[in-house]
$ cat final39.tsv   # TSV, C-alpha atoms
chain	number	residue	atom	x	y	z
A	1	MET	CA	7.47	73.15	70.23
A	2	VAL	CA	4.24	72.76	72.21
A	3	LYS	CA	3.04	69.32	73.21
A	4	ILE	CA	-0.61	68.56	73.88
A	5	ILE	CA	-2.25	65.20	74.55
A	6	PRO	CA	-5.78	63.80	74.40
A	7	PHE	CA	-7.22	62.36	77.60
A	8	ALA	CA	-10.17	60.21	78.62
A	9	ALA	CA	-12.27	62.77	80.46
A	10	VAL	CA	-14.52	62.03	83.38
A	11	ARG	CA	-17.70	63.94	82.53
A	12	PRO	CA	-21.23	64.45	83.82
A	13	THR	CA	-23.94	62.40	82.16
A	14	LYS	CA	-25.92	64.31	79.55
A	15	ASP	CA	-29.04	64.53	81.70
A	16	LYS	CA	-27.18	66.09	84.63
A	17	VAL	CA	-24.46	68.25	83.07
A	18	SER	CA	-26.29	71.55	83.53
A	19	LEU	CA	-26.84	70.69	87.20
A	20	VAL	CA	-23.25	69.57	87.83
A	21	VAL	CA	-21.10	72.37	86.40
A	22	SER	CA	-20.31	75.31	88.65
A	23	ARG	CA	-18.41	78.56	88.65
A	24	SER	CA	-15.20	78.84	90.62
A	25	TYR	CA	-15.99	78.37	94.32
A	26	GLU	CA	-14.73	81.87	95.22
A	27	ASP	CA	-17.22	83.47	92.82
A	28	TYR	CA	-20.26	82.54	94.89
A	29	PRO	CA	-21.68	84.93	97.48
A	30	THR	CA	-22.65	83.11	100.67
A	31	ASN	CA	-26.41	83.15	100.06
A	32	GLU	CA	-26.11	81.76	96.52
A	33	LEU	CA	-23.61	79.12	97.63
A	34	ASN	CA	-25.89	77.91	100.42
A	35	ALA	CA	-28.93	77.87	98.13
A	36	THR	CA	-27.11	75.82	95.51
A	37	LEU	CA	-25.84	73.33	98.07
A	38	SER	CA	-29.29	73.06	99.65
A	39	TYR	CA	-31.34	72.54	96.51
A	40	ASN	CA	-29.01	70.99	93.93
A	41	PRO	CA	-27.58	67.63	95.05
A	42	PHE	CA	-25.71	67.24	91.75
A	43	SER	CA	-23.69	70.47	91.90
A	44	PHE	CA	-19.92	70.10	91.69
A	45	LEU	CA	-19.85	72.44	94.68
A	46	HIS	CA	-20.72	69.42	96.86
A	47	ILE	CA	-17.41	67.87	95.85
A	48	ILE	CA	-15.24	70.90	96.57
A	49	ASN	CA	-17.19	71.85	99.71
A	50	PRO	CA	-17.59	68.42	101.34
A	51	GLY	CA	-18.08	69.84	104.83
A	52	TYR	CA	-21.62	70.93	103.90
A	53	LYS	CA	-22.78	67.33	104.23
A	54	PHE	CA	-21.76	67.40	107.89
A	55	HIS	CA	-22.82	71.03	108.54
A	56	HIS	CA	-19.23	71.72	109.49
A	57	ASP	CA	-16.32	73.73	108.07
A	58	ILE	CA	-13.44	71.40	107.27
A	59	SER	CA	-9.98	72.44	106.08
A	60	GLY	CA	-6.54	71.05	105.32
A	61	GLU	CA	-5.84	67.38	104.62
A	62	ARG	CA	-9.19	66.30	106.07
A	63	ARG	CA	-10.99	68.43	103.51
A	64	PHE	CA	-8.82	67.13	100.67
A	65	SER	CA	-9.67	63.52	101.59
A	66	LEU	CA	-13.37	64.31	101.78
A	67	VAL	CA	-13.22	66.01	98.37
A	68	ARG	CA	-11.82	62.74	97.03
A	69	ASN	CA	-14.62	60.79	98.73
A	70	ARG	CA	-17.37	63.03	97.34
A	71	TYR	CA	-15.84	62.72	93.86
A	72	LEU	CA	-15.85	58.92	94.07
A	73	GLU	CA	-19.46	59.02	95.27
A	74	PHE	CA	-20.45	61.02	92.19
A	75	ILE	CA	-18.84	58.31	90.04
A	76	GLU	CA	-20.50	55.49	92.00
A	77	GLU	CA	-23.88	57.21	91.64
A	78	ASN	CA	-23.37	57.58	87.86
A	79	VAL	CA	-23.37	61.36	87.99
A	80	PHE	CA	-19.97	61.11	86.29
A	81	THR	CA	-18.82	58.63	83.66
A	82	LYS	CA	-15.41	58.21	82.05
A	83	ASP	CA	-14.83	58.24	78.31
A	84	GLU	CA	-13.49	54.97	76.94
A	85	SER	CA	-10.72	56.45	74.82
A	86	PRO	CA	-8.45	59.52	74.99
A	87	SER	CA	-9.98	62.46	73.17
A	88	LEU	CA	-9.67	66.16	72.59
A	89	TYR	CA	-12.74	68.26	73.36
A	90	ILE	CA	-13.95	71.39	71.60
A	91	TYR	CA	-15.83	73.63	74.00
A	92	LYS	CA	-17.87	76.64	72.89
A	93	ILE	CA	-19.50	79.24	75.14
A	94	LYS	CA	-22.10	81.56	73.62
A	95	THR	CA	-22.57	84.68	75.76
A	96	ARG	CA	-24.15	88.09	75.41
A	97	LYS	CA	-20.64	89.55	75.08
A	98	GLY	CA	-19.65	87.17	72.30
A	99	ASP	CA	-18.66	83.57	71.69
A	100	PHE	CA	-15.60	81.72	72.95
A	101	CYS	CA	-14.34	78.50	71.39
A	102	GLY	CA	-11.28	76.42	72.22
A	103	ILE	CA	-9.91	72.94	72.89
A	104	PHE	CA	-9.60	70.95	76.11
A	105	ALA	CA	-6.34	68.97	76.13
A	106	GLY	CA	-3.50	67.96	78.42
A	107	ALA	CA	-0.65	70.49	78.53
A	108	SER	CA	2.89	69.35	79.24
A	109	VAL	CA	4.67	70.03	82.53
A	110	GLU	CA	7.94	69.85	80.59
A	111	ASP	CA	6.71	72.70	78.37
A	112	TYR	CA	5.94	74.67	81.53
A	113	GLN	CA	9.48	74.07	82.79
A	114	ASN	CA	11.25	74.97	79.53
A	115	ASN	CA	9.12	78.10	79.02
A	116	SER	CA	7.22	76.83	76.00
A	117	ILE	CA	4.30	77.68	78.25
A	118	LYS	CA	5.01	81.30	79.18
A	119	LYS	CA	3.95	83.10	82.36
A	120	HIS	CA	3.24	86.74	83.14
A	121	GLU	CA	2.21	86.57	86.79
A	122	ALA	CA	4.20	85.85	89.95
A	123	THR	CA	2.85	83.06	92.17
A	124	LEU	CA	2.92	82.60	95.93
A	125	GLN	CA	4.88	79.56	97.10
A	126	THR	CA	2.46	78.88	99.96
A	127	ARG	CA	-0.48	78.68	97.55
A	128	GLU	CA	1.51	76.52	95.14
A	129	GLU	CA	2.35	74.05	97.92
A	130	LEU	CA	-1.20	74.00	99.28
A	131	PHE	CA	-2.76	73.32	95.91
A	132	LYS	CA	-0.08	70.74	95.10
A	133	ASP	CA	-1.06	68.82	98.24
A	134	TYR	CA	-4.71	69.17	97.27
A	135	LEU	CA	-4.07	67.74	93.79
A	136	LYS	CA	-2.01	64.89	95.19
A	137	THR	CA	-4.85	63.84	97.49
A	138	VAL	CA	-7.84	64.27	95.18
A	139	GLY	CA	-6.11	62.92	92.07
A	140	PHE	CA	-7.77	65.08	89.44
A	141	ASN	CA	-7.93	68.46	87.66
A	142	ALA	CA	-11.46	69.83	87.44
A	143	GLU	CA	-10.70	73.47	86.60
A	144	PRO	CA	-8.52	73.90	83.50
A	145	VAL	CA	-5.67	76.35	83.00
A	146	LEU	CA	-6.53	78.89	80.30
A	147	LEU	CA	-3.80	78.95	77.62
A	148	THR	CA	-3.79	81.12	74.52
A	149	TYR	CA	-2.10	80.39	71.20
A	150	PRO	CA	-1.54	82.39	67.96
A	151	ASP	CA	-4.53	82.26	65.65
A	152	ASN	CA	-4.17	79.31	63.28
A	153	ALA	CA	-6.20	78.72	60.12
A	154	GLU	CA	-5.72	74.94	60.19
A	155	ILE	CA	-7.10	74.58	63.71
A	156	ASP	CA	-9.92	77.02	62.88
A	157	ALA	CA	-10.91	74.84	59.92
A	158	ILE	CA	-11.00	71.70	62.08
A	159	ILE	CA	-13.10	73.45	64.73
A	160	THR	CA	-15.50	74.74	62.07
A	161	THR	CA	-15.95	71.23	60.66
A	162	VAL	CA	-16.38	69.49	64.01
A	163	THR	CA	-18.80	72.06	65.41
A	164	LYS	CA	-21.20	71.46	62.49
A	165	GLU	CA	-21.94	68.08	64.07
A	166	ILE	CA	-24.38	67.48	66.93
A	167	PRO	CA	-22.55	68.26	70.21
A	168	GLU	CA	-22.15	65.89	73.12
A	169	TYR	CA	-23.63	68.61	75.32
A	170	GLU	CA	-25.72	71.68	74.69
A	171	PHE	CA	-27.10	73.38	77.78
A	172	ALA	CA	-27.72	76.81	79.24
A	173	THR	CA	-26.68	78.27	82.59
A	174	THR	CA	-28.31	80.93	84.73
A	175	ASP	CA	-26.02	83.65	83.37
A	176	LYS	CA	-27.81	83.10	80.01
A	177	ALA	CA	-24.74	81.50	78.42
A	178	VAL	CA	-25.12	78.44	76.18
A	179	HIS	CA	-22.44	75.76	76.44
A	180	CYS	CA	-21.59	73.16	73.78
A	181	LEU	CA	-19.03	70.35	73.90
A	182	TRP	CA	-17.82	68.14	71.04
A	183	LYS	CA	-15.56	65.10	71.51
A	184	ILE	CA	-12.76	64.44	69.00
A	185	SER	CA	-11.73	60.78	69.20
A	186	ASN	CA	-10.66	60.40	65.55
A	187	LEU	CA	-6.92	59.64	65.76
A	188	LYS	CA	-6.13	61.34	62.47
A	189	ILE	CA	-7.74	64.62	63.53
A	190	ILE	CA	-6.08	64.43	66.95
A	191	ASP	CA	-2.68	63.90	65.31
A	192	THR	CA	-3.25	66.82	62.94
A	193	ILE	CA	-4.03	69.15	65.84
A	194	GLN	CA	-1.00	67.87	67.79
A	195	GLN	CA	1.28	68.47	64.81
A	196	VAL	CA	0.02	72.05	64.44
A	197	PHE	CA	0.83	72.74	68.10
A	198	LYS	CA	4.27	71.16	67.72
A	199	LYS	CA	5.07	73.85	65.15
A	200	MET	CA	4.30	76.62	67.65
A	201	ASP	CA	7.19	78.13	69.60
A	202	CYS	CA	5.09	78.71	72.69
A	203	VAL	CA	1.68	79.34	74.22
A	204	TYR	CA	0.84	81.76	77.03
A	205	ILE	CA	-0.93	81.34	80.35
A	206	ALA	CA	-3.91	83.66	80.32
A	207	ASP	CA	-5.40	82.46	83.60
A	208	GLY	CA	-4.32	79.77	86.04
A	209	HIS	CA	-0.74	80.52	87.06
A	210	HIS	CA	-1.11	78.90	90.49
A	211	ARG	CA	-2.86	75.84	89.07
A	212	SER	CA	-0.10	75.25	86.52
A	213	ALA	CA	2.67	75.93	89.05
A	214	SER	CA	1.10	73.45	91.48
A	215	SER	CA	0.79	70.80	88.77
A	216	ASN	CA	4.48	71.28	88.06
A	217	LEU	CA	5.36	70.83	91.74
A	218	LEU	CA	3.26	67.69	91.94
A	219	ALA	CA	4.84	66.21	88.83
A	220	GLU	CA	8.32	66.80	90.25
A	221	GLU	CA	7.37	65.17	93.55
A	222	LEU	CA	5.74	62.12	91.98
A	223	LYS	CA	8.59	61.79	89.49
A	224	SER	CA	11.16	61.72	92.31
A	225	ASN	CA	9.17	59.01	94.09
A	226	ASN	CA	8.76	56.86	90.99
A	227	PRO	CA	11.89	54.91	90.00
A	228	ASP	CA	10.09	53.69	86.85
A	229	HIS	CA	9.21	57.18	85.66
A	230	THR	CA	8.88	57.30	81.85
A	231	GLY	CA	7.53	60.79	81.23
A	232	LYS	CA	4.26	59.40	79.91
A	233	GLU	CA	2.49	59.21	83.26
A	234	PRO	CA	-0.69	61.33	83.52
A	235	TYR	CA	0.88	63.51	86.23
A	236	ASN	CA	3.26	64.89	83.59
A	237	TYR	CA	0.33	66.85	82.14
A	238	PHE	CA	-2.39	69.14	83.40
A	239	MET	CA	-5.80	69.90	81.92
A	240	SER	CA	-5.89	73.09	79.89
A	241	TYR	CA	-8.23	74.99	77.63
A	242	PHE	CA	-6.46	76.28	74.52
A	243	ILE	CA	-8.05	79.35	72.94
A	244	PRO	CA	-6.80	81.53	70.05
A	245	GLU	CA	-5.48	84.97	70.98
A	246	SER	CA	-8.15	86.83	69.01
A	247	ASN	CA	-10.87	85.09	71.03
A	248	LEU	CA	-9.47	86.17	74.39
A	249	LYS	CA	-11.12	89.09	76.19
A	250	ILE	CA	-9.13	91.14	78.72
A	251	TYR	CA	-10.80	93.60	81.08
A	252	ASP	CA	-9.37	95.93	83.70
A	253	PHE	CA	-9.25	95.77	87.48
A	254	ASN	CA	-9.97	98.95	89.43
A	255	ARG	CA	-7.93	99.80	92.53
A	256	MET	CA	-9.61	101.16	95.68
A	257	VAL	CA	-7.62	102.46	98.66
A	258	LYS	CA	-9.01	103.02	102.16
A	259	ASP	CA	-7.05	106.20	103.05
A	260	LEU	CA	-4.64	108.83	101.69
A	261	ASN	CA	-1.74	107.73	103.91
A	262	GLY	CA	-2.13	110.72	106.21
A	263	LEU	CA	-2.27	113.30	103.40
A	264	SER	CA	-4.96	115.91	102.90
A	265	LYS	CA	-6.80	115.93	99.58
A	266	GLU	CA	-4.82	118.99	98.46
A	267	GLU	CA	-1.46	117.47	99.44
A	268	PHE	CA	-2.34	114.27	97.61
A	269	LEU	CA	-3.24	116.11	94.40
A	270	ILE	CA	-0.03	118.16	94.56
A	271	GLN	CA	2.04	114.95	94.76
A	272	LEU	CA	0.10	113.42	91.85
A	273	ASP	CA	0.98	116.46	89.74
A	274	GLU	CA	4.61	115.35	89.46
A	275	HIS	CA	3.74	112.55	87.02
A	276	PHE	CA	0.23	113.38	85.82
A	277	ARG	CA	-1.69	116.14	84.14
A	278	ILE	CA	-4.83	116.35	86.27
A	279	GLU	CA	-8.26	117.48	85.16
A	280	ASN	CA	-11.27	117.66	87.48
A	281	ARG	CA	-14.29	116.12	85.72
A	282	GLY	CA	-16.75	116.83	88.53
A	283	ASP	CA	-19.62	114.36	88.62
A	284	ASP	CA	-19.10	113.27	84.97
A	285	LEU	CA	-18.19	109.60	85.10
A	286	TYR	CA	-14.74	109.27	83.53
A	287	LYS	CA	-13.16	106.06	82.27
A	288	PRO	CA	-9.80	106.05	80.45
A	289	SER	CA	-10.01	105.41	76.70
A	290	LYS	CA	-6.32	104.70	76.01
A	291	LYS	CA	-3.24	103.45	77.82
A	292	HIS	CA	-1.35	105.85	80.12
A	293	HIS	CA	-4.65	107.57	80.90
A	294	PHE	CA	-6.12	106.88	84.36
A	295	GLY	CA	-9.42	107.65	85.99
A	296	MET	CA	-9.66	108.64	89.65
A	297	TYR	CA	-12.61	109.14	91.99
A	298	LEU	CA	-11.98	111.19	95.12
A	299	ASP	CA	-14.24	113.13	97.47
A	300	GLY	CA	-17.31	112.90	95.24
A	301	GLU	CA	-15.54	113.94	92.03
A	302	PHE	CA	-14.03	112.21	89.01
A	303	TYR	CA	-10.57	113.13	87.71
A	304	SER	CA	-8.65	112.24	84.58
A	305	LEU	CA	-4.93	111.64	85.08
A	306	TYR	CA	-2.75	111.74	81.96
A	307	LEU	CA	0.79	110.46	82.34
A	308	ARG	CA	3.23	113.25	81.55
A	309	LYS	CA	5.10	112.87	78.27
A	310	HIS	CA	8.53	113.09	79.93
A	311	TYR	CA	7.92	109.84	81.82
A	312	GLU	CA	10.63	107.34	80.78
A	313	PHE	CA	10.14	103.65	79.99
A	314	SER	CA	12.83	101.00	80.28
A	315	ASN	CA	11.05	97.76	79.29
A	316	SER	CA	7.58	96.35	78.57
A	317	LEU	CA	6.70	96.18	82.27
A	318	SER	CA	7.52	99.86	82.78
A	319	GLU	CA	4.94	100.69	80.08
A	320	LEU	CA	2.18	98.75	81.82
A	321	ASP	CA	-0.44	100.99	83.43
A	322	THR	CA	-0.86	98.80	86.53
A	323	HIS	CA	2.90	99.04	87.10
A	324	ILE	CA	2.96	102.80	86.42
A	325	LEU	CA	0.19	103.36	88.98
A	326	TYR	CA	2.10	101.27	91.53
A	327	ILE	CA	5.44	103.01	90.94
A	328	THR	CA	4.10	106.58	90.83
A	329	VAL	CA	1.13	106.54	93.23
A	330	LEU	CA	0.37	103.43	95.25
A	331	LYS	CA	3.86	102.84	96.63
A	332	PRO	CA	5.50	106.30	96.98
A	333	ILE	CA	2.43	108.38	97.85
A	334	LEU	CA	-0.07	106.00	99.44
A	335	GLY	CA	2.51	103.73	101.06
A	336	ILE	CA	1.24	100.44	99.62
A	337	GLU	CA	4.18	98.16	98.92
A	338	ASP	CA	2.61	94.69	99.04
A	339	LEU	CA	-0.19	94.67	96.48
A	340	ARG	CA	-1.24	91.13	97.41
A	341	ASN	CA	-1.46	91.38	101.17
A	342	ASP	CA	-1.98	95.03	102.18
A	343	ASN	CA	-5.55	95.24	103.48
A	344	ARG	CA	-5.74	98.95	102.59
A	345	ILE	CA	-6.18	98.13	98.90
A	346	GLU	CA	-8.90	96.14	97.15
A	347	TYR	CA	-9.72	95.41	93.54
A	348	GLY	CA	-12.90	95.55	91.49
A	349	TYR	CA	-13.78	94.24	88.06
A	350	GLY	CA	-16.77	93.85	85.78
A	351	LYS	CA	-18.92	95.85	83.40
A	352	TYR	CA	-20.10	98.31	86.05
A	353	ASN	CA	-16.97	98.35	88.18
A	354	THR	CA	-16.44	102.13	87.92
A	355	ILE	CA	-19.96	102.77	89.24
A	356	LYS	CA	-19.42	100.20	91.99
A	357	MET	CA	-16.13	101.90	92.87
A	358	LYS	CA	-17.93	105.25	93.14
A	359	ASP	CA	-20.62	103.73	95.38
A	360	PHE	CA	-18.05	102.15	97.72
A	361	ILE	CA	-16.18	105.45	98.07
A	362	ASP	CA	-19.39	107.44	98.58
A	363	GLN	CA	-20.34	104.99	101.34
A	364	GLY	CA	-17.02	105.64	103.09
A	365	LYS	CA	-15.59	102.14	102.58
A	366	PHE	CA	-12.69	103.61	100.59
A	367	LYS	CA	-11.16	107.05	100.17
A	368	VAL	CA	-9.91	107.00	96.58
A	369	GLY	CA	-10.28	104.76	93.54
A	370	PHE	CA	-8.46	104.39	90.24
A	371	SER	CA	-9.72	103.00	86.93
A	372	LEU	CA	-7.36	101.80	84.20
A	373	PHE	CA	-7.47	101.02	80.51
A	374	PRO	CA	-7.49	97.25	79.84
A	375	ILE	CA	-4.20	95.59	78.98
A	376	LYS	CA	-3.88	94.18	75.45
A	377	VAL	CA	-2.86	90.60	74.59
A	378	ASP	CA	0.32	91.86	72.91
A	379	GLN	CA	1.37	93.64	76.12
A	380	MET	CA	0.82	90.46	78.11
A	381	LYS	CA	2.89	88.48	75.61
A	382	LYS	CA	5.77	90.98	75.58
A	383	ILE	CA	6.02	90.86	79.36
A	384	SER	CA	6.04	87.05	79.25
A	385	ASP	CA	8.65	87.01	76.47
A	386	GLU	CA	10.95	89.27	78.52
A	387	GLY	CA	10.57	87.03	81.58
A	388	LEU	CA	8.87	89.80	83.57
A	389	LYS	CA	5.86	89.61	85.87
A	390	MET	CA	2.80	91.85	86.00
A	391	PRO	CA	1.54	93.31	89.27
A	392	PRO	CA	-1.31	91.24	90.76
A	393	LYS	CA	-4.83	91.92	89.47
A	394	SER	CA	-3.59	93.42	86.21
A	395	THR	CA	-6.02	91.50	84.01
A	396	TYR	CA	-9.52	90.11	84.28
A	397	ILE	CA	-9.68	87.56	81.49
A	398	GLU	CA	-12.61	85.83	79.85
A	399	PRO	CA	-13.77	83.20	79.22
A	400	LYS	CA	-14.22	82.09	82.80
A	401	LEU	CA	-14.51	78.31	82.63
A	402	LYS	CA	-16.85	76.05	84.54
A	403	SER	CA	-15.63	73.47	87.03
A	404	GLY	CA	-16.70	69.85	86.61
A	405	LEU	CA	-17.41	69.90	82.86
A	406	THR	CA	-14.39	67.75	81.99
A	407	ILE	CA	-12.14	66.18	84.61
A	408	TYR	CA	-8.59	64.97	84.09
A	409	GLU	CA	-7.48	62.12	86.36
A	410	PHE	CA	-3.84	61.51	87.12

$ encode --input "final39.tsv" --output "structure tokens"
Amino acid sequence: MVKIIPFAAVRPTKDKVSLVVSRSYEDYPTNELNATLSYNPFSFLHIINPGYKFHHDISGERRFSLVRNRYLEFIEENVFTKDESPSLYIYKIKTRKGDFCGIFAGASVEDYQNNSIKKHEATLQTREELFKDYLKTVGFNAEPVLLTYPDNAEIDAIITTVTKEIPEYEFATTDKAVHCLWKISNLKIIDTIQQVFKKMDCVYIADGHHRSASSNLLAEELKSNNPDHTGKEPYNYFMSYFIPESNLKIYDFNRMVKDLNGLSKEEFLIQLDEHFRIENRGDDLYKPSKKHHFGMYLDGEFYSLYLRKHYEFSNSLSELDTHILYITVLKPILGIEDLRNDNRIEYGYGKYNTIKMKDFIDQGKFKVGFSLFPIKVDQMKKISDEGLKMPPKSTYIEPKLKSGLTIYEF
């Protein structure tokens, strides 16, 4: 059973919404970040980067408190307003790659704890604790967790009906995407959607493992400090965007390594031969077209690496290409054990990531790069169902959601 709740969102006013919403803070290169902060006083970036106002970098608890202050200022200045009644929100993004459509709602911390919300990625305790402290101080979620659910005809029909109406918002962003938001405050429709989710065994985290883990930590802390805890308090939920599985897009991450761990090119290729059938493609750009096929760029040439048929699998994780590359190449040959913290490895993603990988290697920034076939939703689900965890940077998932469009206060 999956529990979702409506919430009274804090939202930008209609005349400012396109100016307020932002990408994730880490997505901005320095020059674009500075330009946005300099010329757009309504950007949500001013809230999450409060030190800009003082021309000073601020971190830790001081930054968290200032984030809270900037947020309250946006409310006082009527940049944000709060809806009068709890609602669900249908959000549609129209992009050049396709359209995405889902529902903003509160997801249950209890569901996270009992595995009705399933995970596929390991989290770092230090990041969980840091973000928990951040949430506790600022008092809101502004960037939703992306959850995916099995396609459902009843929910599809409701979304189709609601989205025929005039949206609360319709605006474009500089990436040429069009964003539309509809508010569902009709109690009967809300109840119908809630009942459909109650019939589901589980939903899956597509993106936002640290955000959901931190919300869980915060709920446990506030619960322990509240002798009158009822389970209905807002901190028992976290803002999420629920999207059907068929509408989820998963792309690959490339791996780029700075050296061959002391091996010559010839020695490296000989060691690869144990698990892969290797074909030199010369300067023909090669990208894998199926799982267990890998692309490699080394010393100005592309290679195809086909996993040998005698390779044995033991579970769903062992069949995952990011895990296979780690077990057969990155760890035993290149000596990379910690995929999160080893500074010899970096990751690339995006439409042109293979070309970018080639450019970086040609420039001498890296020695070798690997391209992989994207993971499928069913693979992600199987790993979650078996209680296993993918290697970091196994999936680049879209849609990427804007910050500051809807805010959940707790």

$ closest_residue --input "final39.tsv" --among "A:Arg63, A:Arg281, A:Lys176, A:Lys188" --to "Leu135 of chain A" --atoms "all atoms listed in the file"
A:Arg63

$ residues_around --input "final39.tsv" --residues "Val196 of chain A" --least-positions-apart "4" --cutoff "10 Å" --atoms "all atoms listed in the file" --output "VMD selection string"
chain A and resid 1 to 3 152 154 to 155 191 to 192 200

$ closest_residue --input "final39.tsv" --among "A:Pro391, A:Gly208, A:Pro144, A:Gly369" --to "Asp259 of chain A" --atoms "only C-alpha atoms"
A:Gly369

$ residues_near_point --input "final39.tsv" --point "(-15.0, 102.3, 87.5)" --cutoff "8 Å" --atoms "all atoms listed in the file" --output "PDB file with C-alpha atoms, in the frame of the given file"
ATOM      1  CA  ASN A 254      -9.970  98.950  89.430  1.00  0.00           C
ATOM      2  CA  LYS A 287     -13.160 106.060  82.270  1.00  0.00           C
ATOM      3  CA  GLY A 295      -9.420 107.650  85.990  1.00  0.00           C
ATOM      4  CA  TYR A 352     -20.100  98.310  86.050  1.00  0.00           C
ATOM      5  CA  ASN A 353     -16.970  98.350  88.180  1.00  0.00           C
ATOM      6  CA  THR A 354     -16.440 102.130  87.920  1.00  0.00           C
ATOM      7  CA  ILE A 355     -19.960 102.770  89.240  1.00  0.00           C
ATOM      8  CA  LYS A 356     -19.420 100.200  91.990  1.00  0.00           C
ATOM      9  CA  MET A 357     -16.130 101.900  92.870  1.00  0.00           C
ATOM     10  CA  LYS A 358     -17.930 105.250  93.140  1.00  0.00           C
ATOM     11  CA  PHE A 370      -8.460 104.390  90.240  1.00  0.00           C
ATOM     12  CA  SER A 371      -9.720 103.000  86.930  1.00  0.00           C
TER      13      SER A 371
END

$ closest_residue --input "final39.tsv" --among "A:Glu346, A:Glu337, A:Glu279, A:Glu319" --to "Lys382 of chain A" --atoms "all atoms listed in the file"
A:Glu319

$ closest_residue --input "final39.tsv" --among "A:Ser314, A:Ser43, A:Thr13, A:Ser87" --to "Ile193 of chain A" --atoms "only C-alpha atoms"
A:Ser87

$ residues_around --input "final39.tsv" --residues "Glu26 of chain A" --least-positions-apart "5" --cutoff "12 Å" --atoms "all atoms listed in the file" --output "MDAnalysis selection string"
chainID A and resid 32:33 45 48:49 403

$ closest_residue --input "final39.tsv" --among "A:Tyr204, A:Tyr235, A:Phe253, A:Phe366" --to "Asn115 of chain A" --atoms "all atoms listed in the file"
A:Tyr204

$ build_atoms --input "final39.tsv" --residues "segment 92-103 of chain A" --atoms "N, CA, C and O atoms" --output "mmCIF file, keeping the file's coordinate frame"
data_model
loop_
_atom_site.group_PDB
_atom_site.id
_atom_site.type_symbol
_atom_site.label_atom_id
_atom_site.label_comp_id
_atom_site.auth_asym_id
_atom_site.auth_seq_id
_atom_site.Cartn_x
_atom_site.Cartn_y
_atom_site.Cartn_z
ATOM 1 N N LYS A 92 -17.440 75.327 73.347
ATOM 2 C CA LYS A 92 -17.870 76.640 72.890
ATOM 3 C C LYS A 92 -18.846 77.237 73.905
ATOM 4 O O LYS A 92 -19.765 76.565 74.365
ATOM 5 N N ILE A 93 -18.610 78.504 74.241
ATOM 6 C CA ILE A 93 -19.500 79.240 75.140
ATOM 7 C C ILE A 93 -20.092 80.403 74.361
ATOM 8 O O ILE A 93 -19.362 81.232 73.818
ATOM 9 N N LYS A 94 -21.413 80.462 74.298
ATOM 10 C CA LYS A 94 -22.100 81.560 73.620
ATOM 11 C C LYS A 94 -22.653 82.494 74.700
ATOM 12 O O LYS A 94 -23.507 82.100 75.492
ATOM 13 N N THR A 95 -22.147 83.726 74.743
ATOM 14 C CA THR A 95 -22.570 84.680 75.760
ATOM 15 C C THR A 95 -23.100 85.944 75.099
ATOM 16 O O THR A 95 -22.972 86.144 73.890
ATOM 17 N N ARG A 96 -23.658 86.814 75.921
ATOM 18 C CA ARG A 96 -24.150 88.090 75.410
ATOM 19 C C ARG A 96 -23.007 88.986 74.940
ATOM 20 O O ARG A 96 -23.202 89.892 74.133
ATOM 21 N N LYS A 97 -21.795 88.759 75.470
ATOM 22 C CA LYS A 97 -20.640 89.550 75.080
ATOM 23 C C LYS A 97 -19.974 89.029 73.817
ATOM 24 O O LYS A 97 -19.158 89.708 73.203
ATOM 25 N N GLY A 98 -20.296 87.791 73.449
ATOM 26 C CA GLY A 98 -19.650 87.170 72.300
ATOM 27 C C GLY A 98 -19.437 85.691 72.566
ATOM 28 O O GLY A 98 -19.749 85.178 73.651
ATOM 29 N N ASP A 99 -18.888 85.006 71.573
ATOM 30 C CA ASP A 99 -18.660 83.570 71.690
ATOM 31 C C ASP A 99 -17.190 83.278 71.949
ATOM 32 O O ASP A 99 -16.303 83.992 71.473
ATOM 33 N N PHE A 100 -16.956 82.204 72.701
ATOM 34 C CA PHE A 100 -15.600 81.720 72.950
ATOM 35 C C PHE A 100 -15.543 80.270 72.513
ATOM 36 O O PHE A 100 -16.461 79.499 72.786
ATOM 37 N N CYS A 101 -14.446 79.886 71.854
ATOM 38 C CA CYS A 101 -14.340 78.500 71.390
ATOM 39 C C CYS A 101 -12.877 78.062 71.457
ATOM 40 O O CYS A 101 -11.987 78.754 70.948
ATOM 41 N N GLY A 102 -12.640 76.927 72.091
ATOM 42 C CA GLY A 102 -11.280 76.420 72.220
ATOM 43 C C GLY A 102 -11.278 74.912 72.419
ATOM 44 O O GLY A 102 -12.296 74.239 72.235
ATOM 45 N N ILE A 103 -10.130 74.385 72.814
ATOM 46 C CA ILE A 103 -9.910 72.940 72.890
ATOM 47 C C ILE A 103 -9.429 72.553 74.280
ATOM 48 O O ILE A 103 -8.443 73.102 74.786
#
